[in-house]
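Structure file run.txt (compact mmCIF, C-alpha atoms) follows.
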# COMPACT_ATOMS: atom_id res chain seq x y z
CA MET C 1 -2.77 16.66 -25.25
CA ALA C 2 -3.51 13.57 -23.17
CA LYS C 3 -5.67 14.17 -20.13
CA SER C 4 -4.12 13.55 -16.72
CA LEU C 5 -5.35 11.54 -13.75
CA ILE C 6 -4.17 12.79 -10.36
CA LEU C 7 -3.36 10.02 -7.87
CA LEU C 8 -2.93 11.15 -4.28
CA GLU C 9 -0.18 9.06 -2.64
CA GLY C 10 0.48 5.46 -3.73
CA HIS C 11 -0.19 1.88 -2.72
CA ARG C 12 2.12 -1.14 -2.71
CA SER C 13 -0.36 -3.56 -4.26
CA ILE C 14 -3.01 -1.66 -6.18
CA GLY C 15 -1.05 1.50 -6.99
CA PRO C 16 0.56 -0.11 -10.08
CA LEU C 17 -2.88 -1.39 -11.17
CA TYR C 18 -4.23 2.18 -11.21
CA VAL C 19 -1.21 3.43 -13.16
CA GLU C 20 -1.61 0.68 -15.76
CA ALA C 21 -5.40 1.14 -16.04
CA ALA C 22 -5.00 4.90 -16.47
CA GLN C 23 -2.41 4.45 -19.21
CA ARG C 24 -4.64 1.92 -21.03
CA ARG C 25 -7.31 4.64 -21.10
CA GLY C 26 -4.85 7.08 -22.62
CA LEU C 27 -4.55 9.04 -19.39
CA ASN C 28 -1.32 10.44 -17.98
CA PRO C 29 -1.08 9.42 -14.29
CA ILE C 30 0.46 12.05 -11.99
CA THR C 31 1.14 11.12 -8.36
CA MET C 32 1.13 13.72 -5.60
CA SER C 33 2.96 12.40 -2.56
CA THR C 34 4.64 13.64 0.60
CA ASP C 35 7.54 11.34 -0.33
CA PRO C 36 7.29 9.89 -3.86
CA THR C 37 10.40 7.73 -3.29
CA GLN C 38 8.50 5.51 -0.84
CA HIS C 39 6.44 4.16 -3.74
CA GLY C 40 9.05 2.26 -5.73
CA TYR C 41 6.88 1.53 -8.77
CA LEU C 42 6.63 5.26 -9.61
CA ALA C 43 10.33 5.60 -10.41
CA ALA C 44 10.46 2.14 -11.97
CA GLU C 45 7.69 3.04 -14.43
CA GLY C 46 8.84 6.63 -14.96
CA ILE C 47 5.59 8.05 -13.58
CA GLU C 48 5.33 11.84 -13.20
CA THR C 49 5.35 12.84 -9.52
CA VAL C 50 4.87 16.02 -7.52
CA GLN C 51 6.16 16.28 -3.96
CA VAL C 52 3.63 17.95 -1.66
CA ASP C 53 2.50 17.44 1.93
CA THR C 54 -0.66 15.37 1.40
CA ASN C 55 -1.78 16.21 4.94
CA ASP C 56 -1.98 19.88 3.93
CA LEU C 57 -5.21 20.42 1.96
CA ASP C 58 -4.36 24.03 1.00
CA ALA C 59 -0.95 22.98 -0.31
CA ILE C 60 -2.55 20.30 -2.50
CA LYS C 61 -5.12 22.78 -3.81
CA SER C 62 -2.31 25.14 -4.75
CA VAL C 63 -0.35 22.41 -6.58
CA TYR C 64 -3.52 21.25 -8.37
CA SER C 65 -4.29 24.80 -9.51
CA ARG C 66 -0.76 25.14 -10.94
CA LEU C 67 -1.03 21.78 -12.71
CA LYS C 68 -4.29 22.86 -14.32
CA LEU C 69 -2.40 25.60 -16.17
CA THR C 70 -0.32 23.03 -18.07
CA HIS C 71 -2.38 19.81 -17.90
CA ALA C 72 -5.92 18.81 -18.86
CA ILE C 73 -6.96 17.09 -15.63
CA ALA C 74 -9.66 14.44 -15.99
CA GLY C 75 -10.08 13.56 -12.31
CA ILE C 76 -8.59 12.89 -8.89
CA THR C 77 -8.45 9.78 -6.74
CA GLY C 78 -5.97 8.30 -4.30
CA PHE C 79 -4.99 5.68 -1.79
CA SER C 80 -5.42 5.40 1.96
CA GLY C 81 -2.51 4.84 4.29
CA LEU C 82 -2.79 3.29 7.74
CA ASP C 83 -4.97 6.11 9.05
CA GLU C 84 -6.98 6.30 5.78
CA SER C 85 -7.09 10.11 5.90
CA VAL C 86 -5.86 10.57 2.32
CA TYR C 87 -9.13 9.33 0.83
CA VAL C 88 -11.01 11.94 2.89
CA THR C 89 -8.73 14.54 1.30
CA VAL C 90 -9.58 13.13 -2.14
CA GLY C 91 -13.27 13.72 -1.45
CA LYS C 92 -12.63 17.29 -0.28
CA LEU C 93 -10.55 18.07 -3.39
CA CYS C 94 -13.21 16.66 -5.70
CA ARG C 95 -15.89 18.77 -3.99
CA HIS C 96 -13.73 21.91 -4.13
CA PHE C 97 -12.85 21.57 -7.82
CA GLY C 98 -16.23 20.22 -8.96
CA LEU C 99 -14.94 16.77 -9.94
CA PRO C 100 -16.68 13.39 -9.50
CA GLY C 101 -15.71 11.83 -6.18
CA PRO C 102 -16.84 10.46 -2.83
CA ASP C 103 -18.63 12.48 -0.15
CA PRO C 104 -15.79 13.45 2.24
CA ALA C 105 -18.11 13.60 5.30
CA SER C 106 -19.32 10.03 4.66
CA ILE C 107 -15.76 8.79 4.15
CA GLU C 108 -14.54 10.52 7.33
CA GLN C 109 -17.27 9.12 9.59
CA CYS C 110 -16.75 5.67 8.10
CA HIS C 111 -13.00 5.72 8.82
CA ASP C 112 -13.78 6.31 12.48
CA LYS C 113 -14.76 2.76 13.41
CA PHE C 114 -16.62 3.87 16.54
CA VAL C 115 -18.77 6.37 14.64
CA GLN C 116 -19.26 3.74 11.93
CA ARG C 117 -20.47 1.24 14.54
CA GLN C 118 -22.90 3.81 16.00
CA LEU C 119 -24.41 4.62 12.60
CA LEU C 120 -24.77 0.96 11.68
CA ALA C 121 -26.37 0.22 15.07
CA GLN C 122 -28.90 3.02 14.53
CA ALA C 123 -29.83 1.40 11.20
CA GLY C 124 -30.30 -2.02 12.84
CA VAL C 125 -27.33 -3.65 11.08
CA ALA C 126 -26.10 -6.78 12.88
CA MET C 127 -22.61 -6.32 14.39
CA PRO C 128 -20.45 -7.72 17.17
CA TYR C 129 -21.10 -6.17 20.59
CA TYR C 130 -18.62 -3.34 21.17
CA ARG C 131 -17.39 -0.64 23.51
CA MET C 132 -14.97 2.27 23.06
CA ALA C 133 -12.14 2.89 25.53
CA THR C 134 -9.37 5.45 25.99
CA ASN C 135 -7.31 3.90 28.79
CA ALA C 136 -6.36 0.51 30.23
CA THR C 137 -9.05 0.54 32.93
CA GLU C 138 -11.80 1.19 30.38
CA VAL C 139 -10.45 -1.52 28.06
CA GLU C 140 -10.44 -4.13 30.84
CA SER C 141 -13.90 -3.09 32.02
CA ALA C 142 -15.29 -3.34 28.47
CA ALA C 143 -13.72 -6.78 27.96
CA VAL C 144 -15.32 -8.08 31.16
CA GLU C 145 -18.68 -6.57 30.21
CA ILE C 146 -18.67 -8.04 26.69
CA GLY C 147 -17.16 -11.37 27.74
CA LEU C 148 -13.95 -13.02 26.62
CA PRO C 149 -12.63 -13.58 24.03
CA VAL C 150 -12.62 -10.06 22.64
CA VAL C 151 -10.98 -8.36 19.66
CA ILE C 152 -9.08 -5.20 20.54
CA LYS C 153 -8.29 -2.71 17.78
CA PRO C 154 -7.51 0.98 17.22
CA VAL C 155 -10.57 3.07 16.34
CA VAL C 156 -8.74 4.42 13.29
CA GLY C 157 -6.49 2.25 11.16
CA SER C 158 -6.29 -0.40 8.45
CA GLY C 159 -4.46 -3.55 7.41
CA SER C 160 -5.18 -5.28 10.76
CA SER C 161 -2.49 -3.09 12.33
CA GLY C 162 -2.85 -3.23 16.11
CA VAL C 163 -5.72 -5.73 15.89
CA GLN C 164 -5.58 -8.77 18.17
CA ILE C 165 -7.86 -11.36 19.72
CA CYS C 166 -7.47 -11.63 23.48
CA ARG C 167 -8.73 -14.73 25.29
CA THR C 168 -7.70 -13.87 28.87
CA VAL C 169 -7.61 -10.80 31.10
CA ASP C 170 -3.79 -10.96 31.01
CA GLU C 171 -3.81 -10.90 27.19
CA VAL C 172 -6.17 -7.91 27.27
CA ALA C 173 -3.79 -6.05 29.60
CA GLU C 174 -0.71 -6.99 27.56
CA HIS C 175 -2.15 -5.87 24.21
CA THR C 176 -3.50 -2.67 25.74
CA ARG C 177 0.01 -1.89 27.04
CA HIS C 178 1.31 -2.50 23.52
CA LEU C 179 -1.21 -0.07 22.00
CA LEU C 180 -0.85 2.64 24.64
CA GLY C 181 2.79 2.19 25.57
CA GLY C 182 4.38 3.88 22.59
CA ARG C 183 4.91 0.94 20.25
CA HIS C 184 1.75 1.59 18.20
CA ILE C 185 1.77 4.77 16.09
CA TRP C 186 -1.33 6.90 16.66
CA GLN C 187 -2.28 9.66 14.23
CA SER C 188 -4.78 11.07 16.74
CA PRO C 189 -5.46 10.72 20.50
CA PRO C 190 -5.62 6.98 21.33
CA ARG C 191 -9.07 5.40 21.19
CA ILE C 192 -9.57 1.64 21.32
CA LEU C 193 -12.48 -0.53 20.22
CA VAL C 194 -13.21 -3.61 22.32
CA GLU C 195 -15.42 -6.00 20.39
CA GLU C 196 -17.03 -9.39 20.82
CA PHE C 197 -15.08 -12.00 18.85
CA ALA C 198 -17.52 -12.92 16.08
CA GLN C 199 -16.86 -16.61 15.44
CA GLY C 200 -17.67 -17.91 11.99
CA GLN C 201 -16.56 -17.99 8.37
CA TYR C 202 -15.12 -14.75 6.99
CA PHE C 203 -16.72 -13.17 3.91
CA THR C 204 -16.04 -10.00 1.98
CA ALA C 205 -18.34 -8.06 -0.35
CA ASP C 206 -16.90 -5.71 -2.96
CA LEU C 207 -19.19 -2.99 -4.26
CA MET C 208 -18.98 -0.29 -6.91
CA GLY C 209 -21.53 2.49 -6.69
CA GLY C 210 -24.62 0.94 -5.15
CA ARG C 211 -24.08 -2.56 -6.49
CA VAL C 212 -22.45 -5.68 -5.04
CA VAL C 213 -20.01 -6.91 -7.68
CA GLY C 214 -18.67 -10.00 -5.91
CA ILE C 215 -18.69 -11.86 -2.60
CA GLY C 216 -15.55 -13.71 -1.57
CA THR C 217 -14.32 -15.70 1.39
CA GLY C 218 -11.00 -15.80 3.20
CA ASP C 219 -8.96 -17.50 5.89
CA PHE C 220 -6.45 -16.16 8.38
CA GLY C 221 -3.33 -17.50 10.00
CA PRO C 222 -3.23 -18.60 13.63
CA PRO C 223 -4.43 -16.26 16.40
CA PRO C 224 -3.97 -13.87 18.09
CA HIS C 225 -3.46 -11.88 14.87
CA PHE C 226 -5.50 -11.59 11.67
CA VAL C 227 -2.94 -12.14 8.93
CA TYR C 228 -4.54 -13.27 5.66
CA ARG C 229 -3.65 -16.71 4.32
CA GLU C 230 -6.09 -17.27 1.45
CA TYR C 231 -8.88 -15.54 -0.49
CA SER C 232 -11.38 -16.92 -3.02
CA PHE C 233 -14.11 -15.56 -5.31
CA PRO C 234 -16.94 -16.36 -5.53
CA ALA C 235 -17.71 -17.56 -2.00
CA PRO C 236 -19.60 -20.88 -1.81
CA LEU C 237 -23.01 -19.54 -0.73
CA THR C 238 -26.58 -20.64 -1.22
CA ASP C 239 -28.89 -18.23 -3.06
CA GLU C 240 -30.47 -17.28 0.28
CA GLU C 241 -27.08 -16.64 1.96
CA HIS C 242 -25.95 -14.61 -1.05
CA ALA C 243 -29.12 -12.51 -0.90
CA ARG C 244 -28.68 -11.86 2.84
CA ILE C 245 -25.15 -10.53 2.39
CA ILE C 246 -26.27 -8.30 -0.49
CA ASP C 247 -29.18 -6.98 1.60
CA ILE C 248 -26.94 -6.15 4.57
CA SER C 249 -24.31 -4.59 2.29
CA LEU C 250 -26.86 -2.20 0.81
CA SER C 251 -28.12 -1.39 4.31
CA CYS C 252 -24.56 -0.42 5.24
CA LEU C 253 -24.33 1.97 2.28
CA ARG C 254 -27.56 3.68 3.26
CA ALA C 255 -26.59 3.92 6.94
CA LEU C 256 -23.17 5.42 6.19
CA GLY C 257 -24.12 7.68 3.29
CA LEU C 258 -21.92 5.80 0.86
CA GLY C 259 -22.80 4.76 -2.68
CA TRP C 260 -20.34 6.58 -4.96
CA GLY C 261 -17.34 4.58 -6.02
CA PRO C 262 -15.85 1.50 -4.34
CA THR C 263 -16.74 -0.02 -0.97
CA ASN C 264 -15.45 -3.17 0.71
CA ILE C 265 -17.45 -4.79 3.53
CA GLU C 266 -16.15 -7.56 5.81
CA PHE C 267 -18.45 -10.09 7.51
CA ARG C 268 -18.39 -13.09 9.79
CA TRP C 269 -21.20 -15.63 9.48
CA THR C 270 -22.05 -16.36 13.12
CA LYS C 271 -24.85 -18.16 14.95
CA ARG C 272 -26.78 -14.91 14.52
CA GLY C 273 -26.16 -14.97 10.79
CA PRO C 274 -23.89 -12.51 8.96
CA VAL C 275 -22.54 -9.69 11.16
CA VAL C 276 -20.60 -6.71 9.84
CA ILE C 277 -16.98 -6.54 11.02
CA GLU C 278 -16.02 -3.44 9.07
CA VAL C 279 -17.05 -1.20 6.18
CA ASN C 280 -14.14 0.22 4.17
CA PRO C 281 -15.20 3.12 1.91
CA ARG C 282 -12.56 2.35 -0.71
CA LEU C 283 -11.35 -0.38 -3.02
CA ALA C 284 -9.80 -3.31 -1.18
CA GLY C 285 -6.12 -3.97 -1.75
CA THR C 286 -4.61 -7.07 -3.31
CA PRO C 287 -5.91 -9.62 -4.10
CA ASP C 288 -9.59 -8.57 -4.33
CA PRO C 289 -9.38 -6.57 -7.59
CA GLN C 290 -7.34 -9.25 -9.37
CA LEU C 291 -9.57 -12.08 -8.13
CA ILE C 292 -12.76 -10.30 -9.17
CA HIS C 293 -11.26 -9.64 -12.60
CA LEU C 294 -10.39 -13.33 -12.99
CA ALA C 295 -13.66 -14.64 -11.53
CA TYR C 296 -16.14 -12.32 -13.25
CA GLY C 297 -14.23 -10.45 -15.94
CA ILE C 298 -14.89 -7.12 -14.17
CA ASP C 299 -11.91 -4.79 -13.72
CA LEU C 300 -12.82 -2.81 -10.58
CA VAL C 301 -9.80 -0.52 -10.91
CA ASP C 302 -10.76 0.45 -14.46
CA GLU C 303 -14.44 0.84 -13.52
CA HIS C 304 -13.46 3.11 -10.62
CA ILE C 305 -11.33 5.26 -12.94
CA LYS C 306 -14.34 5.58 -15.27
CA LEU C 307 -16.36 7.07 -12.41
CA VAL C 308 -13.48 9.36 -11.42
CA ILE C 309 -13.32 10.86 -14.92
CA GLY C 310 -17.09 11.20 -15.18
CA GLU C 311 -17.95 8.16 -17.28
CA GLU C 312 -20.44 5.39 -16.53
CA CYS C 313 -19.09 2.06 -15.32
CA ASP C 314 -20.13 -1.34 -16.67
CA LEU C 315 -20.42 -4.01 -13.96
CA ARG C 316 -21.82 -6.84 -16.08
CA ALA C 317 -20.04 -10.15 -15.50
CA ARG C 318 -18.24 -11.45 -18.60
CA HIS C 319 -17.73 -14.99 -17.32
CA SER C 320 -17.87 -17.15 -14.19
CA ARG C 321 -14.75 -18.83 -12.81
CA THR C 322 -13.23 -19.54 -9.41
CA ALA C 323 -10.22 -17.40 -8.53
CA SER C 324 -8.09 -17.78 -5.41
CA ALA C 325 -5.00 -16.25 -3.84
CA ARG C 326 -2.55 -17.84 -1.43
CA PHE C 327 -0.28 -15.56 0.61
CA LEU C 328 3.29 -16.44 1.48
CA VAL C 329 3.71 -15.91 5.22
CA PRO C 330 6.90 -16.40 7.27
CA ASP C 331 6.75 -18.72 10.28
CA ARG C 332 9.61 -17.05 12.16
CA ASP C 333 11.62 -13.86 12.53
CA GLY C 334 15.11 -13.68 11.10
CA MET C 335 17.06 -12.91 7.93
CA LEU C 336 15.46 -14.03 4.66
CA GLU C 337 18.43 -15.74 3.03
CA LYS C 338 16.65 -16.91 -0.11
CA ILE C 339 13.24 -17.25 -1.71
CA GLU C 340 12.98 -19.26 -4.91
CA GLY C 341 10.64 -21.16 -7.19
CA ALA C 342 8.46 -18.22 -8.23
CA SER C 343 9.15 -18.62 -11.96
CA ARG C 344 8.33 -22.35 -11.84
CA ALA C 345 5.11 -21.62 -9.96
CA ALA C 346 4.14 -18.94 -12.48
CA ALA C 347 4.55 -21.40 -15.34
CA ILE C 348 1.76 -23.68 -14.08
CA PRO C 349 -1.32 -23.45 -16.34
CA GLY C 350 -4.02 -21.49 -14.53
CA VAL C 351 -1.62 -19.49 -12.35
CA ALA C 352 -2.29 -15.84 -13.17
CA GLU C 353 0.28 -14.13 -10.97
CA VAL C 354 3.15 -14.86 -8.62
CA LYS C 355 4.40 -11.76 -6.87
CA MET C 356 7.04 -11.25 -4.20
CA TYR C 357 6.87 -8.20 -1.95
CA ILE C 358 10.36 -8.62 -0.51
CA HIS C 359 13.75 -9.88 -1.67
CA PRO C 360 16.55 -12.03 -0.20
CA ASN C 361 18.73 -10.47 2.49
CA THR C 362 15.71 -8.78 4.01
CA PRO C 363 15.22 -8.92 7.80
CA ILE C 364 11.87 -10.45 8.78
CA VAL C 365 10.27 -9.03 11.94
CA ARG C 366 6.64 -10.12 12.14
CA LYS C 367 4.19 -7.48 13.30
CA GLY C 368 0.93 -9.42 13.15
CA ASP C 369 -0.58 -7.44 10.25
CA TYR C 370 -0.43 -7.02 6.46
CA ARG C 371 3.28 -6.16 6.65
CA ASP C 372 4.07 -9.80 7.46
CA LEU C 373 3.13 -10.97 3.95
CA MET C 374 6.07 -11.88 1.71
CA GLY C 375 4.13 -12.40 -1.52
CA HIS C 376 1.20 -14.15 -3.14
CA VAL C 377 0.15 -16.67 -5.76
CA ILE C 378 -3.09 -16.13 -7.71
CA GLY C 379 -4.81 -18.76 -9.83
CA ALA C 380 -8.13 -19.33 -11.58
CA SER C 381 -10.01 -22.17 -13.26
CA PRO C 382 -13.58 -23.23 -14.06
CA SER C 383 -14.00 -25.07 -10.72
CA ARG C 384 -13.21 -24.54 -7.03
CA ASP C 385 -11.41 -27.88 -6.64
CA GLN C 386 -9.26 -27.34 -9.72
CA THR C 387 -8.26 -23.86 -8.56
CA ALA C 388 -7.39 -25.18 -5.09
CA ALA C 389 -5.23 -27.92 -6.61
CA LEU C 390 -3.26 -25.64 -8.93
CA LEU C 391 -2.76 -23.09 -6.14
CA GLN C 392 -1.37 -25.81 -3.86
CA GLN C 393 0.88 -27.07 -6.63
CA ALA C 394 2.24 -23.57 -7.19
CA ALA C 395 2.73 -22.83 -3.49
CA ASP C 396 4.61 -26.10 -3.03
CA LEU C 397 7.17 -24.99 -5.62
CA ILE C 398 8.06 -21.84 -3.70
CA SER C 399 10.52 -22.21 -0.86
CA TRP C 400 12.46 -19.86 1.38
CA ASN C 401 15.02 -19.96 4.12
CA ILE C 402 14.92 -17.68 7.16
CA THR C 403 17.92 -17.74 9.49
CA PRO C 404 16.95 -16.75 13.05
CA PHE C 405 18.56 -13.62 14.41
CA PRO C 406 21.47 -14.34 16.79
CA LEU C 407 20.61 -14.19 20.47
CA PHE C 408 22.53 -11.55 22.40
CA GLN C 409 22.80 -12.01 26.16
CA ASN C 410 23.63 -9.27 28.60
CA THR C 411 26.60 -10.20 30.78
Target format structure tokens, applied to this file:
Amino acid sequence: MAKSLILLEGHRSIGPLYVEAAQRRGLNPITMSTDPTQHGYLAAEGIETVQVDTNDLDAIKSVYSRLKLTHAIAGITGFSGLDESVYVTVGKLCRHFGLPGPDPASIEQCHDKFVQRQLLAQAGVAMPYYRMATNATEVESAAVEIGLPVVIKPVVGSGSSGVQICRTVDEVAEHTRHLLGGRHIWQSPPRILVEEFAQGQYFTADLMGGRVVGIGTGDFGPPPHFVYREYSFPAPLTDEEHARIIDISLSCLRALGLGWGPTNIEFRWTKRGPVVIEVNPRLAGTPDPQLIHLAYGIDLVDEHIKLVIGEECDLRARHSRTASARFLVPDRDGMLEKIEGASRAAAIPGVAEVKMYIHPNTPIVRKGDYRDLMGHVIGASPSRDQTAALLQQAADLISWNITPFPLFQNT
């Protein structure tokens, strides 16, 4: 009987990668989800699912115990939603059933960005100046104290949801009203981080266990939001710059009690050098795993699964190439009438993947976070310039038409 891998919840971009990697290893993936239908790839691939409230730890334990009677379970892992609580649950389940997994206490304190900041500060890790606030008066006071511009974000969350740069007192007040006025969904009592805007190039380090596997760089669309536009691995760094990011990354692991499994750390290289924007105690979503696979020949998803089932991972680079991703981002709200050219773009030599997240006749309402992305193009080649050229060529072949929503006037 094939052993089974339990996947708690799903993920739009990397969920299918875990399913495929598990099946390549001869494992039977089983997804536990509050609503399995929200993860379309599960039905499309005929993946076994179990409906259970993934916010109810006892309910999951009960389902797991029943599954053990009929399945040989090799391990448990899962995917974080916007509040990232599911991965904490994964750690608790692994501890309870004696399976390899992350330390739930370390994951939980890391997901709370204020606690994370405090622990990193105690360890002397360079970060933007920050304050925590719970109401509009405290937010405005913190912004004045830190100095504009500031970045305002929820203490708990992911995908840049609710994150915005504010350059004036009016913008601070407006975004605070947005967060506290009912439009932002809070999973817990509202707490807001007010941070210095760290100006400088964005870098990301992806780690497995206690080792930095790759360092990439990325660019965002226009402010005030942080919507990704492009990602590349490896980042163009000198040996000294590379060593500094590795050193700070390992300091973050020690400060936060991490070190088992995947970690993703975001930086900005400022006048003070590299400062830590955020430590994510999980594997980054698309396109990091694909780009690292193309750039170094290391499959982070597969290596993570090895750890989950109690095997040793192999993080040796197989080759060295430059891999980049370009996101397709709408420039307006409206109805997506058509999007075409993907197959022509995919046929370009060096293009590894062209993927669309949405289809024609879909309403586009930009939210200023990861949900704005319509798709991506990924390419790789032996050189940075060649990869940039083929990515541009592919992106130029893809076109779309968005018809603005009609304006309704009250009479």
Can you tell me which residues surround Ile364 (chain C) at a distance of at most 6 Å, considering only C-alpha atoms, apart from same-chain residues fewer than 5 positions away, and format the answer as a PyMOL selection string? chain C and resi 333-335
Restricting the calculation to all atoms listed in the file: of C:Met208, C:Val156, C:Val194, C:His225, which residue gets closest to Asp369 (chain C)?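 Comparing C:Met208, C:Val156, C:Val194, C:His225 against Asp369 (chain C), the winner is C:His225.
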Residue contacts of Pro289 (chain C) (8 Å, all atoms listed in the file) excluding same-chain residues fewer than 4 positions away, as a PyMOL selection string: chain C and resi 283-285+293+299-301
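The nearest approach to Leu294 (chain C) among the residues C:Ala325, C:Leu67, C:Val139, C:Ala243, with all atoms listed in the file taken into account, belongs to C:Ala325.
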Which residue is closest to Glu340 (chain C)? Choose from C:Leu253, C:Val377, C:Leu397, C:Ala389 and count all atoms listed in the file.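 Answer, going by the shortest atom-to-atom distance: C:Leu397.
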Do you have the CA of Ser320 (chain C)-CA of Ile215 (chain C) distance handy?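 Atom-to-atom, CA of Ser320 (chain C) and CA of Ile215 (chain C) are spaced 12.8 Å apart.
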Taking every listed atom of region 205-221 of chain C and adding 4 Å to each side, what centre and edge lengths in Å (one decimal) does the axis-aligned box have, as JSON?
{"center_x": -14.0, "center_y": -7.5, "center_z": 1.2, "size_x": 29.3, "size_y": 28.0, "size_z": 25.7}
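Shortest atom-to-atom contact with Asp302 (chain C) among C:Leu17, C:Ala136, C:Ile6, C:Ala323: C:Leu17, counting only C-alpha atoms.
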Which residue of C:Ala255, C:Arg12, C:Ala44, C:Gln199 approaches Val115 (chain C) most closely, using all atoms listed in the file: C:Ala255
Using CA of Pro281 (chain C) and CA of Lys153 (chain C) as the two end points, give the distance in Å to one decimal.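 Between CA of Pro281 (chain C) and CA of Lys153 (chain C) the gap is 18.3 Å.
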Could you jot down the CA of His71 (chain C) to CA of Pro16 (chain C) separation for me, Å, one decimal place?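 Atom-to-atom, CA of His71 (chain C) and CA of Pro16 (chain C) are spaced 21.6 Å apart.
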List as a list in words the protein and nucleic acid residues near region 303-313 of chain C, meaning an atom at most 7 Å away when only C-alpha atoms are counted, but skip any in the same chain fewer than 4 places from it. Ala74, Gly75, Ile76, Thr77, Pro100, Gly101, Gly261, Pro262 and Asp299 of chain C
Residues within 8 Å of Arg384 (chain C), please, as a list in words. Count all atoms listed in the file; anything in the same chain fewer than 3 positions from it doesn't count.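 Listing them by chain and then by number gives Thr322, Ala323, Ser381, Thr387 and Ala388 of chain C.
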C-alpha atoms of the current selection, written as a short mmCIF file (atom, residue, chain, number, x, y, z; two decimals), keeping the file's coordinate frame:
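Below is the file selection_7.cif, written as the result:
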data_model
loop_
_atom_site.label_atom_id
_atom_site.label_comp_id
_atom_site.auth_asym_id
_atom_site.auth_seq_id
_atom_site.Cartn_x
_atom_site.Cartn_y
_atom_site.Cartn_z
CA THR C 322 -13.23 -19.54 -9.41
CA ALA C 323 -10.22 -17.40 -8.53
CA SER C 381 -10.01 -22.17 -13.26
CA THR C 387 -8.26 -23.86 -8.56
CA ALA C 388 -7.39 -25.18 -5.09
#
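Distance check against Glu140 (chain C) using all atoms listed in the file: of C:Arg244, C:Arg95, C:His111, C:Arg177, the minimum falls on C:Arg177.
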Spatial neighbours of Ser62 (chain C), 12 Å, only C-alpha atoms, chain gap at least 6 places, as an mmCIF file with C-alpha atoms, keeping the file's coordinate frame:
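Output saved as part10.cif:
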data_model
loop_
_atom_site.group_PDB
_atom_site.id
_atom_site.type_symbol
_atom_site.label_atom_id
_atom_site.label_comp_id
_atom_site.auth_asym_id
_atom_site.auth_seq_id
_atom_site.Cartn_x
_atom_site.Cartn_y
_atom_site.Cartn_z
ATOM 1 C CA MET C 32 1.130 13.720 -5.600
ATOM 2 C CA VAL C 50 4.870 16.020 -7.520
ATOM 3 C CA VAL C 52 3.630 17.950 -1.660
ATOM 4 C CA ASP C 53 2.500 17.440 1.930
ATOM 5 C CA THR C 54 -0.660 15.370 1.400
ATOM 6 C CA ASP C 56 -1.980 19.880 3.930
ATOM 7 C CA LYS C 68 -4.290 22.860 -14.320
ATOM 8 C CA LEU C 69 -2.400 25.600 -16.170
ATOM 9 C CA LEU C 93 -10.550 18.070 -3.390
ATOM 10 C CA HIS C 96 -13.730 21.910 -4.130
ATOM 11 C CA PHE C 97 -12.850 21.570 -7.820
#
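Protein and nucleic acid residues near (-0.4, -28.8, -11.9) are Ile348, Pro349, Gly350, Ala389, Leu390, Leu391, Gln392, Gln393 and Ala394 of chain C, the criterion being any atom at most 9 Å away using all atoms listed in the file.
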